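Undergrad: Structure below; questions to follow.
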Amino acid sequence: MRFSFTVFFFLLVSVVGFAQDSYDVDLIPANLRNRANACIRNEETTIDMRSPDNVMLHVKKAITVFNQNGEDEARLVLYYDKNISIKGIKGEVYNSVGKLTNKFSQNDFADMSAADGFSLFVDSRVKHYLPSVNKYPYTVVYNYEIRNRQNLIIPDWSPKPADDVSVEKSTYTFICKPTDQVRIKTQNYSGIPEVITDEKQKKTIWIANNILAVRTEPYSPAHETYATSIQIAPQAFYYYNHKGSYTNWKELGKWIYDDLLAERKALSPATIEMVKELVKNEKTEKDKARKIYQYLQDKTRYISVQIGIGGFQPIAASEVDRLGYGDCKALVNYMQSLLSAANIDSYYCVVSAGSEKRSMDPEYASMVQGNHIILCMPLKGDTTWLECTSQKIPFGFLSDFTDDRLVLACTAEGGKLLHTPKLTTAENLQIRKADLIVQLDGSISGKMNTVYAGSQYENQESLIGKSITEQHKLLKEAYNIDNIDFEAVSFAQKKDISPKLTEDVSINIRNYAPINGNKMFLQLNAFNLRRSIPEIKNRTLPVYINRGYTDEDTIVYTLPENINTALIIGQDKAFKSPFGEYVCKASLVDNKLTYYRKFILNDGTFPAAQYNEFSKFINDVNAADYLKLALSLKK
């Protein structure tokens, strides 16, 4: 399911020019070396939009790599196709004292297909180069030019690509005609761009200087949400022989519907009659849609198409009907056409998909914000969403790939922003019950039942249909416990709009409770240990918890006869914070020791000042999770 339509556009690697003549590393200010694995010495990106079908990108970049961890910043990757041509590449490599050690050109770049392993049709290729240098620090200088025969996608500028990279100087220049209308989104840029206008062109220049490398802070928002950036969207555009104009989401959605979708929806009379026959006994629109969705899943499979305008435009519904496959665009368009045959309205929706939630920016429409397509059915007050690329996902269920974010619905009336349903903390469940027998030698064995729901449903859903051998292997990786073996494994699914997956296993863990002298050491929490997180002083970024969940574990240990149960003391811990709740209890009845644990983590964005409170909460959970009982053995 987790595949999306992709448009290979300009390389979004930062680009640069050089004011200095020397690349001696000693010339880099000390504060730009602190915490940095690499430093952008001088960077210049120039975009010259001469016409909608002729956009020149000129890039110069000089970057010093301090150590192996910064090596990826020295890698240059350029995509090209029939719409993008690389006019030239050259570069140099300098040692630590700024002495030239190597020159390279386009002939030194590896060149290969940009096929991604799941795309059936791909016309993009990729050139990439990484200097073969094993002595640090060194500096690499790139100089290249690209011509793009479209202006629907203009490369963004983000001068600082990562936390561990510092920036000495970076410049972004956009050139267009004085009459060209463009929209510019500025994020976290404190300066005022320089604007130079004459009769022939308008030049806008943004400059960033002396940006320090910083430590990575855990539980931070996505880098692009707070980094300095400039985004540009021309009002009038050209893309693969398609022309259009937009200034907002309504206009963009209208263009997508009219220009890319409207003529791709027709089905044959035979298929339309088949749909009507398929749903004739269903009483409600939702039941009809469910029947059609099952037909879609049985008939089609996902395959990506990345050729020209195919990055944005689906293949015709009639072709999907004939071939039985398509990419996310094509499968949604096909499902929409099938629903239309049953007189059910639906919306083709562009979404920024991924496990980390990312919404369309309500204030800034652009074609590059989405990477996947899903379907929305308004259904008279019972709005239902469909993921059309999976043959297994339940009807009406959106996984954590597309939940809880703004998406663009493309309709005949124009585009509109809708919000997908949220998988809540209370819905994202993992409920486990286990009955385990502790052997005299400290091994444990027994049966365990775990129910997964919400976002945690999909964590295990991928195991369905795999071979027994593969299931055992993946379960060992998931539980990550030394000496664990699974003697029996079975799964059951409840496939509806709120799906659940039940996992039943029989397990054996050798030497789980080690014996030392007259003590047996039993860690009560066998399967769900929360890791600690670092304490950080002077936190600068908000605390971002992408998704909340609820875990509940009940484990009953039957103790061996040689344990002196009279000496066992019950355990009871509970604490609560804005970030969640934690409870753990241990109680003994006869020779049965029952351990209960409940952990709730709340999603949300919290002030940076609350990080210490958050780290204390998580680390208190970690300490409680690793609690071991020292059980006395009878003499």
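Residues are named by chain letter and number: chains run A, B, ... in the order of the structure tokens, numbers start at 1 in each chain, and ligands are numbered from 1 in the order shown.
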What are the closest atom pairs, with distances in Å to one decimal, for each residue of range 409-478 of chain A lying within 6 Å of range 555-579 of chain A, using only C-alpha atoms, rows by chain and rising residue number, as a Markdown table?

TA:
```
| residue | atom | partner | partner_atom | distance |
| --- | --- | --- | --- | --- |
| A:Lys433 | CA | A:Ile555 | CA | 5.8 |
| A:Ala434 | CA | A:Ile555 | CA | 4.7 |
| A:Asp435 | CA | A:Val556 | CA | 4.9 |
| A:Leu436 | CA | A:Tyr557 | CA | 4.9 |
| A:Ile437 | CA | A:Thr558 | CA | 4.7 |
| A:Val438 | CA | A:Leu559 | CA | 5.3 |
| A:Leu440 | CA | A:Pro560 | CA | 6.0 |
```

Undergrad: Could you name the residues that touch range 245-258 of chain A at 9 Å or less, counting only C-alpha atoms, but leaving out those on the same chain fewer than 6 positions away, as a list in words?

TA: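 Non-adjacent residues within range: Val182, Arg183, Ala233, Pro234, Gln235, Ala236, Phe237, Tyr238, Phe312, Gln313, Tyr348, Pro362, Glu363, Tyr364, Ala365, Ser366, Met367, Leu408, Ala409, Cys410, Thr411, Ala412, Glu413, Gly414, Gly415, Lys416 and Leu417 of chain A.
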
Undergrad: Please produce a file of the residues just selected, as a short mmCIF file (atom, residue, chain, number, x, y, z; two decimals), in the first residue's frame, where the atoms kept are N, CA and C atoms.

TA:
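Final file, selection_38.cif:
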```cif
data_model
loop_
_atom_site.label_atom_id
_atom_site.label_comp_id
_atom_site.auth_asym_id
_atom_site.auth_seq_id
_atom_site.Cartn_x
_atom_site.Cartn_y
_atom_site.Cartn_z
N VAL A 182 3.93 35.37 -9.66
CA VAL A 182 4.36 34.20 -8.89
C VAL A 182 3.95 34.38 -7.44
N ARG A 183 3.71 33.27 -6.77
CA ARG A 183 3.43 33.28 -5.34
C ARG A 183 4.66 32.74 -4.62
N ALA A 233 5.73 29.36 -6.64
CA ALA A 233 4.75 28.74 -7.54
C ALA A 233 4.28 29.79 -8.54
N PRO A 234 4.66 29.67 -9.81
CA PRO A 234 4.17 30.60 -10.83
C PRO A 234 2.66 30.43 -11.04
N GLN A 235 2.00 31.54 -11.32
CA GLN A 235 0.55 31.48 -11.54
C GLN A 235 0.24 30.75 -12.85
N ALA A 236 0.85 31.14 -13.94
CA ALA A 236 0.66 30.47 -15.22
C ALA A 236 1.77 29.44 -15.39
N PHE A 237 1.39 28.23 -15.77
CA PHE A 237 2.40 27.16 -15.85
C PHE A 237 2.23 26.32 -17.10
N TYR A 238 3.30 25.59 -17.39
CA TYR A 238 3.34 24.63 -18.51
C TYR A 238 3.97 23.35 -17.99
N PHE A 312 1.41 12.83 -12.75
CA PHE A 312 0.24 13.50 -12.17
C PHE A 312 -1.08 12.98 -12.72
N GLN A 313 -1.07 12.43 -13.91
CA GLN A 313 -2.32 12.06 -14.56
C GLN A 313 -2.50 10.54 -14.57
N TYR A 348 -11.69 12.54 -5.76
CA TYR A 348 -10.29 12.18 -5.99
C TYR A 348 -9.44 13.12 -5.14
N PRO A 362 -2.91 25.33 4.01
CA PRO A 362 -4.13 26.02 3.58
C PRO A 362 -3.88 27.36 2.89
N GLU A 363 -2.75 28.01 3.23
CA GLU A 363 -2.48 29.34 2.71
C GLU A 363 -1.63 29.35 1.44
N TYR A 364 -1.12 28.19 1.05
CA TYR A 364 -0.18 28.17 -0.08
C TYR A 364 -0.41 26.90 -0.90
N ALA A 365 -1.06 27.07 -2.04
CA ALA A 365 -1.31 25.93 -2.93
C ALA A 365 -0.10 25.68 -3.82
N SER A 366 0.26 24.41 -3.99
CA SER A 366 1.33 24.06 -4.92
C SER A 366 1.18 22.60 -5.31
N MET A 367 1.74 22.26 -6.46
CA MET A 367 1.56 20.91 -7.01
C MET A 367 2.47 19.90 -6.34
N LEU A 408 -6.30 17.52 -0.59
CA LEU A 408 -6.96 18.29 -1.64
C LEU A 408 -7.93 17.40 -2.40
N ALA A 409 -9.23 17.71 -2.29
CA ALA A 409 -10.25 17.02 -3.07
C ALA A 409 -10.44 17.76 -4.38
N CYS A 410 -10.30 17.05 -5.51
CA CYS A 410 -10.41 17.65 -6.84
C CYS A 410 -11.79 17.34 -7.40
N THR A 411 -12.61 18.35 -7.57
CA THR A 411 -13.99 18.16 -8.00
C THR A 411 -14.29 19.03 -9.21
N ALA A 412 -15.45 18.78 -9.82
CA ALA A 412 -15.86 19.57 -10.97
C ALA A 412 -16.05 21.03 -10.60
N GLU A 413 -16.36 21.30 -9.34
CA GLU A 413 -16.55 22.68 -8.86
C GLU A 413 -15.25 23.33 -8.45
N GLY A 414 -14.19 22.54 -8.35
CA GLY A 414 -12.90 23.07 -7.94
C GLY A 414 -12.33 22.31 -6.76
N GLY A 415 -11.13 22.67 -6.36
CA GLY A 415 -10.49 21.98 -5.25
C GLY A 415 -10.98 22.48 -3.91
N LYS A 416 -11.00 21.57 -2.94
CA LYS A 416 -11.33 21.96 -1.58
C LYS A 416 -10.54 21.10 -0.62
N LEU A 417 -10.15 21.68 0.50
CA LEU A 417 -9.36 20.98 1.50
C LEU A 417 -10.28 20.25 2.47
#
```

Undergrad: Per DSSP on the backbone, filter range 101-325 of chain A down to the residues in strand (DSSP E) and report them as a ChimeraX atom specification.

TA: /A:101-105,110-113,119-122,125-129,138-148,165-176,182-187,194-197,202-211,229-234,236-239,242-245,301-302,304-306,325

Undergrad: Given the choices A:Lys357, A:Arg597, A:Arg50, A:Lys500, which gets closest to Pro221 in chain A if the distance is worked out from only C-alpha atoms?

TA: A:Lys357

Undergrad: So that I can see what lies close to range 129-131 of chain A, please list as a ChimeraX atom specification the residues with an atom at most 10 Å from it, counting only C-alpha atoms and leaving out residues fewer than 3 positions away in the same chain.

TA: /A:71-78,92-93,102-106,108-111,134,138-140

Undergrad: Convert the current residue selection to file output with N, CA and C atoms, as a PDB file, in the first residue's frame.

TA:
```pdb
ATOM      1  N   GLU A  71      29.618  12.647   4.921  1.00  0.00           N
ATOM      2  CA  GLU A  71      29.933  12.311   3.538  1.00  0.00           C
ATOM      3  C   GLU A  71      28.729  12.416   2.602  1.00  0.00           C
ATOM      4  N   ASP A  72      27.533  12.107   3.102  1.00  0.00           N
ATOM      5  CA  ASP A  72      26.354  12.187   2.235  1.00  0.00           C
ATOM      6  C   ASP A  72      26.118  13.592   1.700  1.00  0.00           C
ATOM      7  N   GLU A  73      26.573  14.596   2.430  1.00  0.00           N
ATOM      8  CA  GLU A  73      26.388  15.967   1.963  1.00  0.00           C
ATOM      9  C   GLU A  73      27.257  16.267   0.749  1.00  0.00           C
ATOM     10  N   ALA A  74      28.277  15.448   0.524  1.00  0.00           N
ATOM     11  CA  ALA A  74      29.152  15.649  -0.634  1.00  0.00           C
ATOM     12  C   ALA A  74      28.642  14.916  -1.869  1.00  0.00           C
ATOM     13  N   ARG A  75      27.590  14.139  -1.714  1.00  0.00           N
ATOM     14  CA  ARG A  75      27.045  13.360  -2.829  1.00  0.00           C
ATOM     15  C   ARG A  75      26.132  14.245  -3.682  1.00  0.00           C
ATOM     16  N   LEU A  76      26.303  14.170  -4.985  1.00  0.00           N
ATOM     17  CA  LEU A  76      25.432  14.902  -5.905  1.00  0.00           C
ATOM     18  C   LEU A  76      24.585  13.903  -6.677  1.00  0.00           C
ATOM     19  N   VAL A  77      23.268  14.112  -6.645  1.00  0.00           N
ATOM     20  CA  VAL A  77      22.328  13.238  -7.336  1.00  0.00           C
ATOM     21  C   VAL A  77      21.437  14.111  -8.207  1.00  0.00           C
ATOM     22  N   LEU A  78      21.390  13.823  -9.508  1.00  0.00           N
ATOM     23  CA  LEU A  78      20.603  14.607 -10.456  1.00  0.00           C
ATOM     24  C   LEU A  78      19.687  13.692 -11.256  1.00  0.00           C
ATOM     25  N   GLU A  92      35.513  20.080  -8.609  1.00  0.00           N
ATOM     26  CA  GLU A  92      36.869  19.877  -8.099  1.00  0.00           C
ATOM     27  C   GLU A  92      36.809  19.377  -6.668  1.00  0.00           C
ATOM     28  N   VAL A  93      37.905  18.739  -6.266  1.00  0.00           N
ATOM     29  CA  VAL A  93      38.062  18.295  -4.884  1.00  0.00           C
ATOM     30  C   VAL A  93      39.348  18.910  -4.332  1.00  0.00           C
ATOM     31  N   ASN A 102      41.774  16.891  -7.291  1.00  0.00           N
ATOM     32  CA  ASN A 102      41.077  16.135  -8.334  1.00  0.00           C
ATOM     33  C   ASN A 102      40.072  17.026  -9.025  1.00  0.00           C
ATOM     34  N   LYS A 103      39.869  16.782 -10.326  1.00  0.00           N
ATOM     35  CA  LYS A 103      38.800  17.405 -11.081  1.00  0.00           C
ATOM     36  C   LYS A 103      37.905  16.306 -11.646  1.00  0.00           C
ATOM     37  N   PHE A 104      36.633  16.616 -11.818  1.00  0.00           N
ATOM     38  CA  PHE A 104      35.728  15.629 -12.396  1.00  0.00           C
ATOM     39  C   PHE A 104      34.728  16.329 -13.310  1.00  0.00           C
ATOM     40  N   SER A 105      34.110  15.538 -14.171  1.00  0.00           N
ATOM     41  CA  SER A 105      33.124  16.058 -15.118  1.00  0.00           C
ATOM     42  C   SER A 105      31.955  15.088 -15.199  1.00  0.00           C
ATOM     43  N   GLN A 106      31.036  15.390 -16.106  1.00  0.00           N
ATOM     44  CA  GLN A 106      29.842  14.559 -16.243  1.00  0.00           C
ATOM     45  C   GLN A 106      30.181  13.110 -16.576  1.00  0.00           C
ATOM     46  N   ASP A 108      32.318  11.301 -15.258  1.00  0.00           N
ATOM     47  CA  ASP A 108      32.678  10.554 -14.044  1.00  0.00           C
ATOM     48  C   ASP A 108      31.459  10.147 -13.222  1.00  0.00           C
ATOM     49  N   PHE A 109      30.273  10.601 -13.613  1.00  0.00           N
ATOM     50  CA  PHE A 109      29.056  10.288 -12.874  1.00  0.00           C
ATOM     51  C   PHE A 109      28.513   8.932 -13.290  1.00  0.00           C
ATOM     52  N   ALA A 110      28.067   8.156 -12.328  1.00  0.00           N
ATOM     53  CA  ALA A 110      27.327   6.935 -12.633  1.00  0.00           C
ATOM     54  C   ALA A 110      25.956   7.338 -13.171  1.00  0.00           C
ATOM     55  N   ASP A 111      25.466   6.592 -14.158  1.00  0.00           N
ATOM     56  CA  ASP A 111      24.197   6.909 -14.806  1.00  0.00           C
ATOM     57  C   ASP A 111      23.354   5.649 -14.851  1.00  0.00           C
ATOM     58  N   ASN A 134      39.257   9.401   1.231  1.00  0.00           N
ATOM     59  CA  ASN A 134      39.232   8.745   2.542  1.00  0.00           C
ATOM     60  C   ASN A 134      40.048   9.493   3.586  1.00  0.00           C
ATOM     61  N   TYR A 138      37.867  17.326   3.676  1.00  0.00           N
ATOM     62  CA  TYR A 138      38.099  17.693   2.286  1.00  0.00           C
ATOM     63  C   TYR A 138      36.926  18.551   1.829  1.00  0.00           C
ATOM     64  N   THR A 139      37.114  19.226   0.709  1.00  0.00           N
ATOM     65  CA  THR A 139      36.075  20.093   0.159  1.00  0.00           C
ATOM     66  C   THR A 139      35.781  19.676  -1.276  1.00  0.00           C
ATOM     67  N   VAL A 140      34.499  19.570  -1.599  1.00  0.00           N
ATOM     68  CA  VAL A 140      34.099  19.273  -2.976  1.00  0.00           C
ATOM     69  C   VAL A 140      33.325  20.464  -3.512  1.00  0.00           C
TER      70      VAL A 140
END
```

Undergrad: Taking the DSSP secondary structure from the backbone, can you list the residues of range 176-358 of chain A that are alpha helix (DSSP H), as a PyMOL selection string?

TA: chain A and resi 249-255+269-279+285-299+317-323+328-341
